[in-house]
Amino acid sequence: MLLALNKPYGVLCQFVDREGRPTLADFVRQKDIYPAGRLDHDSEGLLLLTDDGALAHRLTDPKHKEAKTYLVQVEGLATDDALEPLRRGITLNDGPTLPAGAEVIDEPAWLWPRDPPVRFRKTIPTSWVAITLREGRNRQVRRMTAAVGLPTLRLVRESIGPYRLDGLGLGQTRVLKA
C-alpha cells in the first residue's frame, strides 16, 4: 500500500508522542504503515506512507536520487542571481550539496492558509521559490536558503518523484498506485 498525506504544519512525522502533540495518528487510520521519509513538524505538504519496505527504501535512499520539489516562502527578494549558488551546489556544515533546481515563482494560488500564519513584516518583502532536490539531509532546504541570505518562512513539499499533492486537501489522505 502507498498512501499520500497532505501533512499540516505542526504535525510530527510519527504515530505516538508522549507530549500530546499532533501526530500522523490524527490523520492516518491504516495500521502497519510507516512514513517513507520525513517532513519536519514546521513543514507541510506531501508525505508518503507505505507498508512496503522496498518501496520506502527506493523513495528515501539517496542513491536512487528521487526528485523532491518544495515550494518555499523566503524572507527577502529572491532573484535568479541569488538562487544561482543553489543550482551549482553549495557547501553546508555537513558537506557539499548536489546541484538543486531553483526558480522564483509566484505564490501558488491553490495553497491553503497556514495556521498559524507566517509572520508578516511591513519592511521586509517575501518571495516564493520552487526548489527541487535529489538528496535529503536534515532541514536541507532551510539551511540552503539561509546560506544564500533568504531564510525560509514556509516550506511545502509538492512532490516526491512521480507522486504529487494534486489537490489533496490539508490533512487528507489518498491511496496511490506504487
# chains A, B, ... in the order shown; residues from 1 in each chain; ligands from 1

call {"tool": "residues_around", "arguments": {"residues": "Ser43 (chain A)", "least_positions_apart": "6", "cutoff": "7 Å", "atoms": "only C-alpha atoms", "output": "list in words"}}
result
Tyr9, Arg154, Leu155 and Val156 of chain A

call {"tool": "select_by_dssp", "arguments": {"residues": "chain A", "states": "helix (DSSP H, G or I)", "output": "number ranges by chain"}}
result
A: 24-26, 53-60, 62-64, 80-88, 140-147

call {"tool": "select_by_dssp", "arguments": {"residues": "region 39-178 of chain A", "states": "strand (DSSP E or B)", "output": "number ranges by chain"}}
result
A: 44-50, 68-75, 91-92, 95-96, 101-105, 126-133, 152-160, 163-164, 173-176

call {"tool": "closest_atom_pairs", "arguments": {"of": "region 10-115 of chain A", "to": "region 127-131 of chain A", "cutoff": "9 Å", "atoms": "only C-alpha atoms", "output": "Markdown table"}}
result
| residue | atom | partner | partner_atom | distance |
| --- | --- | --- | --- | --- |
| A:Lys68 | CA | A:Ile131 | CA | 8.2 |
| A:Thr69 | CA | A:Ile131 | CA | 5.6 |
| A:Tyr70 | CA | A:Ile131 | CA | 5.2 |
| A:Leu71 | CA | A:Ala130 | CA | 4.7 |
| A:Val72 | CA | A:Val129 | CA | 5.1 |
| A:Gln73 | CA | A:Trp128 | CA | 4.5 |
| A:Val74 | CA | A:Ser127 | CA | 5.4 |
| A:Glu75 | CA | A:Ser127 | CA | 6.6 |
| A:Gly76 | CA | A:Ser127 | CA | 6.4 |
| A:Leu77 | CA | A:Ser127 | CA | 5.7 |
| A:Ala78 | CA | A:Ser127 | CA | 5.8 |
| A:Thr79 | CA | A:Ser127 | CA | 9.0 |
| A:Leu83 | CA | A:Val129 | CA | 8.9 |
| A:Leu86 | CA | A:Ile131 | CA | 8.8 |
| A:Ala100 | CA | A:Ile131 | CA | 6.6 |
| A:Gly101 | CA | A:Ile131 | CA | 5.4 |
| A:Ala102 | CA | A:Ile131 | CA | 4.5 |
| A:Glu103 | CA | A:Ala130 | CA | 5.4 |
| A:Val104 | CA | A:Val129 | CA | 4.5 |
| A:Ile105 | CA | A:Val129 | CA | 5.3 |
| A:Asp106 | CA | A:Trp128 | CA | 6.1 |
| A:Glu107 | CA | A:Trp128 | CA | 5.8 |
| A:Pro108 | CA | A:Trp128 | CA | 8.5 |

call {"tool": "residues_around", "arguments": {"residues": "region 132-137 of chain A", "least_positions_apart": "6", "cutoff": "10 Å", "atoms": "only C-alpha atoms", "output": "PyMOL selection string"}}
result
chain A and resi 37-38+60-71+86-87+94+97-103+143+157-161

call {"tool": "residues_around", "arguments": {"residues": "Lys177 (chain A)", "least_positions_apart": "2", "cutoff": "12 Å", "atoms": "only C-alpha atoms", "output": "compact mmCIF listing (two decimals) with N, CA, C and O atoms, in the first residue's frame"}}
result
# COMPACT_ATOMS: atom_id res chain seq x y z
N MET A 1 0.85 -1.18 0.00
CA MET A 1 0.00 0.00 0.00
C MET A 1 0.89 1.24 0.00
O MET A 1 1.91 1.29 0.67
N LEU A 2 0.46 2.25 -0.73
CA LEU A 2 1.14 3.54 -0.74
C LEU A 2 0.07 4.60 -0.52
O LEU A 2 -0.92 4.65 -1.24
N LEU A 3 0.31 5.44 0.47
CA LEU A 3 -0.66 6.44 0.87
C LEU A 3 -0.01 7.81 0.85
O LEU A 3 1.12 7.98 1.32
N ALA A 4 -0.71 8.79 0.29
CA ALA A 4 -0.25 10.18 0.32
C ALA A 4 -1.02 10.91 1.41
O ALA A 4 -2.23 10.75 1.53
N LEU A 48 4.61 10.56 2.06
CA LEU A 48 4.22 9.23 1.61
C LEU A 48 4.37 8.24 2.74
O LEU A 48 5.36 8.29 3.48
N THR A 50 3.90 3.91 3.62
CA THR A 50 3.78 2.62 2.96
C THR A 50 4.00 1.48 3.93
O THR A 50 4.61 1.66 4.98
N LEU A 55 9.80 -0.38 -1.32
CA LEU A 55 9.34 0.88 -1.89
C LEU A 55 9.82 2.06 -1.03
O LEU A 55 10.31 3.06 -1.56
N PRO A 162 7.35 10.71 -8.92
CA PRO A 162 6.15 10.90 -9.72
C PRO A 162 4.90 11.24 -8.89
O PRO A 162 3.84 11.50 -9.45
N TYR A 163 5.03 11.25 -7.57
CA TYR A 163 3.86 11.47 -6.70
C TYR A 163 3.74 12.94 -6.35
O TYR A 163 4.70 13.58 -5.96
N ARG A 174 -4.82 9.95 0.45
CA ARG A 174 -5.26 9.35 -0.81
C ARG A 174 -4.40 8.12 -1.05
O ARG A 174 -3.17 8.18 -0.93
N VAL A 175 -5.01 7.00 -1.42
CA VAL A 175 -4.27 5.80 -1.78
C VAL A 175 -3.72 5.99 -3.19
O VAL A 175 -4.44 6.44 -4.09

call {"tool": "closest_residue", "arguments": {"among": "A:Leu153, A:Leu39, A:Asp26, A:Ile33", "to": "Arg119 (chain A)", "atoms": "only C-alpha atoms"}}
result
A:Leu153

call {"tool": "atom_distance", "arguments": {"atom1": "CA of Glu44 (chain A)", "atom2": "CA of Leu170 (chain A)"}}
result
8.9 Å

call {"tool": "residues_around", "arguments": {"residues": "Gln172 (chain A)", "least_positions_apart": "6", "cutoff": "8 Å", "atoms": "only C-alpha atoms", "output": "MDAnalysis selection string"}}
result
chainID A and resid 5:7 27

call {"tool": "atom_distance", "arguments": {"atom1": "CA of His41 (chain A)", "atom2": "CA of Glu84 (chain A)"}}
result
28.3 Å

call {"tool": "closest_residue", "arguments": {"among": "A:Val28, A:Leu168, A:Ala147, A:Leu12", "to": "Thr91 (chain A)", "atoms": "only C-alpha atoms"}}
result
A:Ala147

call {"tool": "atom_distance", "arguments": {"atom1": "CA of Leu92 (chain A)", "atom2": "CA of Ala56 (chain A)"}}
result
26.4 Å
